[in-house]
Amino acid sequence: MYKIVKTKFKDLIIVQNYPYKDMRGKLLFGSFANALKKKFVHEYTSISKKNVFRGFHYQYKKKQGKLITVLYGEILDCVIDLRKNSKTFKKNFKIKLSGSNNKSLYIPPGFAHGYYVFKNNTVVNCKQTNPFNSKFEKGIIWNDKSLKLKWKFKKPILSAKDKKQPSYYS
């Protein structure tokens, strides 16, 4: 089964999964839609190399809630609260998610999302409450000084798009 854990960020939720394990392996409960009271309408899976950083991405219209689960490998997942009326506006939240710790993170609409990959062939599943729409997509550079993000890595592997992301205030 699973347990829902609230964070200090409104509606940002950690889901601790307790998989069924036997001699064949493990069975994860992957949809917490009822417990989260969310409807997921879009889903994708990414497979990444070690030292990749994906993000920060968000949609400014048709905002997306996201449920992030690592099936294999390990990431440092990071979100930035962009909800202007929130007590945690511009603050970030980081959590290690892995195939072995069986945690998922539900990110409500209004957050920028990114993650750093620790192991080769890390498999990340993302369920979304709204489909991706490139017309409404924006991003923030991974090392934006104004957001005071503290990283233990220096030079992540970035996509061409993520290399060009602006700072939050551009």
# chains A, B, ... in the order shown; residues from 1 in each chain; ligands from 1
$ residues_around --residues "Val123 of chain A" --least-positions-apart "3" --cutoff "9 Å" --atoms "only C-alpha atoms" --output "list of chain:residue names"
A:Thr45, A:Ser46, A:Ile47, A:Ser48, A:Thr69, A:Val70, A:Leu71, A:Tyr72, A:Gly73, A:Glu74, A:Gly99
$ write_last_selection --atoms "N, CA and C atoms" --output "PDB file, in the first residue's frame"
ATOM      1  N   THR A  45       7.413   8.626 -19.889  1.00  0.00           N
ATOM      2  CA  THR A  45       8.534   8.027 -19.173  1.00  0.00           C
ATOM      3  C   THR A  45       9.820   8.497 -19.829  1.00  0.00           C
ATOM      4  N   SER A  46      10.790   8.921 -19.025  1.00  0.00           N
ATOM      5  CA  SER A  46      12.097   9.317 -19.552  1.00  0.00           C
ATOM      6  C   SER A  46      13.152   8.349 -19.030  1.00  0.00           C
ATOM      7  N   ILE A  47      14.167   8.131 -19.860  1.00  0.00           N
ATOM      8  CA  ILE A  47      15.331   7.328 -19.468  1.00  0.00           C
ATOM      9  C   ILE A  47      16.539   8.233 -19.654  1.00  0.00           C
ATOM     10  N   SER A  48      17.299   8.441 -18.584  1.00  0.00           N
ATOM     11  CA  SER A  48      18.376   9.431 -18.613  1.00  0.00           C
ATOM     12  C   SER A  48      19.713   8.845 -18.194  1.00  0.00           C
ATOM     13  N   THR A  69       7.542   9.518 -10.330  1.00  0.00           N
ATOM     14  CA  THR A  69       7.943   8.247  -9.730  1.00  0.00           C
ATOM     15  C   THR A  69       9.185   7.736 -10.450  1.00  0.00           C
ATOM     16  N   VAL A  70      10.199   7.351  -9.705  1.00  0.00           N
ATOM     17  CA  VAL A  70      11.393   6.749 -10.287  1.00  0.00           C
ATOM     18  C   VAL A  70      11.228   5.231 -10.224  1.00  0.00           C
ATOM     19  N   LEU A  71      11.292   4.601 -11.394  1.00  0.00           N
ATOM     20  CA  LEU A  71      11.140   3.144 -11.468  1.00  0.00           C
ATOM     21  C   LEU A  71      12.472   2.426 -11.328  1.00  0.00           C
ATOM     22  N   TYR A  72      13.538   3.077 -11.810  1.00  0.00           N
ATOM     23  CA  TYR A  72      14.886   2.515 -11.707  1.00  0.00           C
ATOM     24  C   TYR A  72      15.871   3.665 -11.621  1.00  0.00           C
ATOM     25  N   GLY A  73      16.871   3.547 -10.774  1.00  0.00           N
ATOM     26  CA  GLY A  73      17.883   4.586 -10.632  1.00  0.00           C
ATOM     27  C   GLY A  73      17.551   5.544  -9.505  1.00  0.00           C
ATOM     28  N   GLU A  74      18.098   6.764  -9.628  1.00  0.00           N
ATOM     29  CA  GLU A  74      17.949   7.737  -8.536  1.00  0.00           C
ATOM     30  C   GLU A  74      18.074   9.151  -9.086  1.00  0.00           C
ATOM     31  N   GLY A  99      14.327   4.150  -7.339  1.00  0.00           N
ATOM     32  CA  GLY A  99      13.651   2.871  -7.494  1.00  0.00           C
ATOM     33  C   GLY A  99      13.680   2.039  -6.232  1.00  0.00           C
TER      34      GLY A  99
END
$ residues_around --residues "Val41 of chain A" --least-positions-apart "3" --cutoff "8 Å" --atoms "only C-alpha atoms" --output "ChimeraX atom specification"
/A:127-131
$ residues_around --residues "Val52 of chain A" --least-positions-apart "2" --cutoff "12 Å" --atoms "only C-alpha atoms" --output "ChimeraX atom specification"
/A:46-50,54-55,74-77,114-122,142,153-159,162-163
$ write_last_selection --atoms "N, CA and C atoms" --output "PDB file, in the first residue's frame"
ATOM      1  N   SER A  46      10.790   8.921 -19.025  1.00  0.00           N
ATOM      2  CA  SER A  46      12.097   9.317 -19.552  1.00  0.00           C
ATOM      3  C   SER A  46      13.152   8.349 -19.030  1.00  0.00           C
ATOM      4  N   ILE A  47      14.167   8.131 -19.860  1.00  0.00           N
ATOM      5  CA  ILE A  47      15.331   7.328 -19.468  1.00  0.00           C
ATOM      6  C   ILE A  47      16.539   8.233 -19.654  1.00  0.00           C
ATOM      7  N   SER A  48      17.299   8.441 -18.584  1.00  0.00           N
ATOM      8  CA  SER A  48      18.376   9.431 -18.613  1.00  0.00           C
ATOM      9  C   SER A  48      19.713   8.845 -18.194  1.00  0.00           C
ATOM     10  N   LYS A  49      20.768   9.479 -18.690  1.00  0.00           N
ATOM     11  CA  LYS A  49      22.135   9.150 -18.308  1.00  0.00           C
ATOM     12  C   LYS A  49      22.478   9.833 -16.984  1.00  0.00           C
ATOM     13  N   LYS A  50      23.523   9.344 -16.351  1.00  0.00           N
ATOM     14  CA  LYS A  50      24.055   9.958 -15.140  1.00  0.00           C
ATOM     15  C   LYS A  50      24.484  11.399 -15.449  1.00  0.00           C
ATOM     16  N   ARG A  54      17.267  17.726 -16.046  1.00  0.00           N
ATOM     17  CA  ARG A  54      16.096  18.023 -16.879  1.00  0.00           C
ATOM     18  C   ARG A  54      15.277  19.093 -16.164  1.00  0.00           C
ATOM     19  N   GLY A  55      15.087  20.218 -16.826  1.00  0.00           N
ATOM     20  CA  GLY A  55      14.265  21.264 -16.228  1.00  0.00           C
ATOM     21  C   GLY A  55      15.025  22.571 -16.158  1.00  0.00           C
ATOM     22  N   GLU A  74      18.098   6.764  -9.628  1.00  0.00           N
ATOM     23  CA  GLU A  74      17.949   7.737  -8.536  1.00  0.00           C
ATOM     24  C   GLU A  74      18.074   9.151  -9.086  1.00  0.00           C
ATOM     25  N   ILE A  75      17.211  10.046  -8.582  1.00  0.00           N
ATOM     26  CA  ILE A  75      17.254  11.457  -8.961  1.00  0.00           C
ATOM     27  C   ILE A  75      17.158  12.338  -7.721  1.00  0.00           C
ATOM     28  N   LEU A  76      17.605  13.581  -7.891  1.00  0.00           N
ATOM     29  CA  LEU A  76      17.309  14.635  -6.932  1.00  0.00           C
ATOM     30  C   LEU A  76      16.248  15.482  -7.612  1.00  0.00           C
ATOM     31  N   ASP A  77      15.034  15.372  -7.130  1.00  0.00           N
ATOM     32  CA  ASP A  77      13.918  16.105  -7.714  1.00  0.00           C
ATOM     33  C   ASP A  77      13.819  17.453  -7.008  1.00  0.00           C
ATOM     34  N   GLY A 114      12.227  20.269 -12.025  1.00  0.00           N
ATOM     35  CA  GLY A 114      13.438  19.766 -12.652  1.00  0.00           C
ATOM     36  C   GLY A 114      14.042  18.675 -11.795  1.00  0.00           C
ATOM     37  N   TYR A 115      14.948  17.904 -12.397  1.00  0.00           N
ATOM     38  CA  TYR A 115      15.626  16.886 -11.599  1.00  0.00           C
ATOM     39  C   TYR A 115      17.003  16.569 -12.160  1.00  0.00           C
ATOM     40  N   TYR A 116      17.885  16.161 -11.233  1.00  0.00           N
ATOM     41  CA  TYR A 116      19.251  15.763 -11.532  1.00  0.00           C
ATOM     42  C   TYR A 116      19.349  14.243 -11.389  1.00  0.00           C
ATOM     43  N   VAL A 117      20.014  13.590 -12.331  1.00  0.00           N
ATOM     44  CA  VAL A 117      20.095  12.133 -12.375  1.00  0.00           C
ATOM     45  C   VAL A 117      21.440  11.650 -11.816  1.00  0.00           C
ATOM     46  N   PHE A 118      21.383  10.710 -10.869  1.00  0.00           N
ATOM     47  CA  PHE A 118      22.576  10.161 -10.227  1.00  0.00           C
ATOM     48  C   PHE A 118      23.113   8.876 -10.866  1.00  0.00           C
ATOM     49  N   LYS A 119      22.258   8.119 -11.570  1.00  0.00           N
ATOM     50  CA  LYS A 119      22.686   6.819 -12.104  1.00  0.00           C
ATOM     51  C   LYS A 119      22.302   6.695 -13.575  1.00  0.00           C
ATOM     52  N   ASN A 120      23.165   6.009 -14.349  1.00  0.00           N
ATOM     53  CA  ASN A 120      22.853   5.737 -15.755  1.00  0.00           C
ATOM     54  C   ASN A 120      21.557   4.945 -15.890  1.00  0.00           C
ATOM     55  N   ASN A 121      20.849   5.207 -16.966  1.00  0.00           N
ATOM     56  CA  ASN A 121      19.603   4.504 -17.300  1.00  0.00           C
ATOM     57  C   ASN A 121      18.518   4.658 -16.239  1.00  0.00           C
ATOM     58  N   THR A 122      18.492   5.811 -15.596  1.00  0.00           N
ATOM     59  CA  THR A 122      17.432   6.085 -14.625  1.00  0.00           C
ATOM     60  C   THR A 122      16.108   6.267 -15.361  1.00  0.00           C
ATOM     61  N   TRP A 142      18.825  26.203 -14.720  1.00  0.00           N
ATOM     62  CA  TRP A 142      19.035  25.310 -13.574  1.00  0.00           C
ATOM     63  C   TRP A 142      19.811  25.970 -12.439  1.00  0.00           C
ATOM     64  N   PHE A 153      26.441  19.576  -7.520  1.00  0.00           N
ATOM     65  CA  PHE A 153      27.041  19.287  -8.818  1.00  0.00           C
ATOM     66  C   PHE A 153      27.344  20.612  -9.513  1.00  0.00           C
ATOM     67  N   LYS A 154      28.289  20.580 -10.442  1.00  0.00           N
ATOM     68  CA  LYS A 154      28.757  21.816 -11.089  1.00  0.00           C
ATOM     69  C   LYS A 154      28.337  21.945 -12.549  1.00  0.00           C
ATOM     70  N   LYS A 155      28.513  20.883 -13.331  1.00  0.00           N
ATOM     71  CA  LYS A 155      28.278  20.956 -14.770  1.00  0.00           C
ATOM     72  C   LYS A 155      27.395  19.795 -15.221  1.00  0.00           C
ATOM     73  N   PRO A 156      26.081  19.925 -15.070  1.00  0.00           N
ATOM     74  CA  PRO A 156      25.205  18.844 -15.517  1.00  0.00           C
ATOM     75  C   PRO A 156      25.120  18.793 -17.043  1.00  0.00           C
ATOM     76  N   ILE A 157      24.692  17.667 -17.548  1.00  0.00           N
ATOM     77  CA  ILE A 157      24.413  17.523 -18.972  1.00  0.00           C
ATOM     78  C   ILE A 157      23.017  18.110 -19.205  1.00  0.00           C
ATOM     79  N   LEU A 158      22.924  19.072 -20.126  1.00  0.00           N
ATOM     80  CA  LEU A 158      21.663  19.771 -20.399  1.00  0.00           C
ATOM     81  C   LEU A 158      21.276  19.619 -21.862  1.00  0.00           C
ATOM     82  N   SER A 159      19.979  19.663 -22.130  1.00  0.00           N
ATOM     83  CA  SER A 159      19.509  19.717 -23.514  1.00  0.00           C
ATOM     84  C   SER A 159      19.826  21.102 -24.073  1.00  0.00           C
ATOM     85  N   ASP A 162      17.398  23.515 -22.533  1.00  0.00           N
ATOM     86  CA  ASP A 162      17.636  23.858 -21.127  1.00  0.00           C
ATOM     87  C   ASP A 162      18.871  24.733 -20.929  1.00  0.00           C
ATOM     88  N   LYS A 163      19.826  24.655 -21.848  1.00  0.00           N
ATOM     89  CA  LYS A 163      20.983  25.543 -21.785  1.00  0.00           C
ATOM     90  C   LYS A 163      20.599  27.005 -22.011  1.00  0.00           C
TER      91      LYS A 163
END
$ residues_around --residues "Phe136 of chain A" --least-positions-apart "3" --cutoff "7 Å" --atoms "only C-alpha atoms" --output "ChimeraX atom specification"
/A:59-61,133
$ residues_around --residues "Val79 of chain A" --least-positions-apart "6" --cutoff "7 Å" --atoms "only C-alpha atoms" --output "NGL selection string"
:A and (92-94 or 111-114)
$ write_last_selection --atoms "N, CA and C atoms" --output "CSV table (one decimal), in the first residue's frame"
chain,number,residue,atom,x,y,z
A,92,ASN,N,12.3,26.6,-2.8
A,92,ASN,CA,12.4,25.4,-3.5
A,92,ASN,C,12.3,24.2,-2.5
A,93,PHE,N,12.0,23.1,-3.0
A,93,PHE,CA,11.9,21.8,-2.3
A,93,PHE,C,12.6,20.8,-3.1
A,94,LYS,N,13.5,20.0,-2.4
A,94,LYS,CA,14.3,18.9,-3.0
A,94,LYS,C,14.0,17.6,-2.3
A,111,PHE,N,4.1,25.1,-10.1
A,111,PHE,CA,5.5,24.9,-9.7
A,111,PHE,C,6.3,24.7,-11.0
A,112,ALA,N,7.6,25.1,-10.9
A,112,ALA,CA,8.6,24.7,-12.0
A,112,ALA,C,9.2,23.4,-11.4
A,113,HIS,N,9.5,22.5,-12.4
A,113,HIS,CA,10.0,21.2,-12.0
A,113,HIS,C,11.3,20.9,-12.7
A,114,GLY,N,12.2,20.3,-12.0
A,114,GLY,CA,13.4,19.8,-12.7
A,114,GLY,C,14.0,18.7,-11.8
$ select_by_dssp --residues "segment 107-170 of chain A" --states "helix (DSSP H, G or I)" --output "number ranges by chain"
A: 134-136, 145-147, 160-163
$ atom_distance --atom1 "atom CA of Gly110 of chain A" --atom2 "atom CA of Gln64 of chain A"
7.4 Å
$ residues_around --residues "Lys103 of chain A" --least-positions-apart "5" --cutoff "6 Å" --atoms "only C-alpha atoms" --output "ChimeraX atom specification"
/A:15-17,97
$ residues_around --residues "Thr88 of chain A" --least-positions-apart "6" --cutoff "9 Å" --atoms "only C-alpha atoms" --output "list in words"
Lys8, Phe9, Lys10, Ile80, Asp81 and Leu82 of chain A
$ atom_distance --atom1 "atom CA of Ser104 of chain A" --atom2 "atom CA of Trp151 of chain A"
21.1 Å
$ closest_residue --among "A:Ile4, A:Ile68, A:Tyr58, A:Ser98" --to "Asn34 of chain A" --atoms "only C-alpha atoms"
A:Ile4
$ closest_residue --among "A:Tyr106, A:Asn85, A:Lys90, A:Lys63" --to "Phe32 of chain A" --atoms "only C-alpha atoms"
A:Tyr106
$ atom_distance --atom1 "atom CA of Lys152 of chain A" --atom2 "atom CA of Cys126 of chain A"
24.5 Å
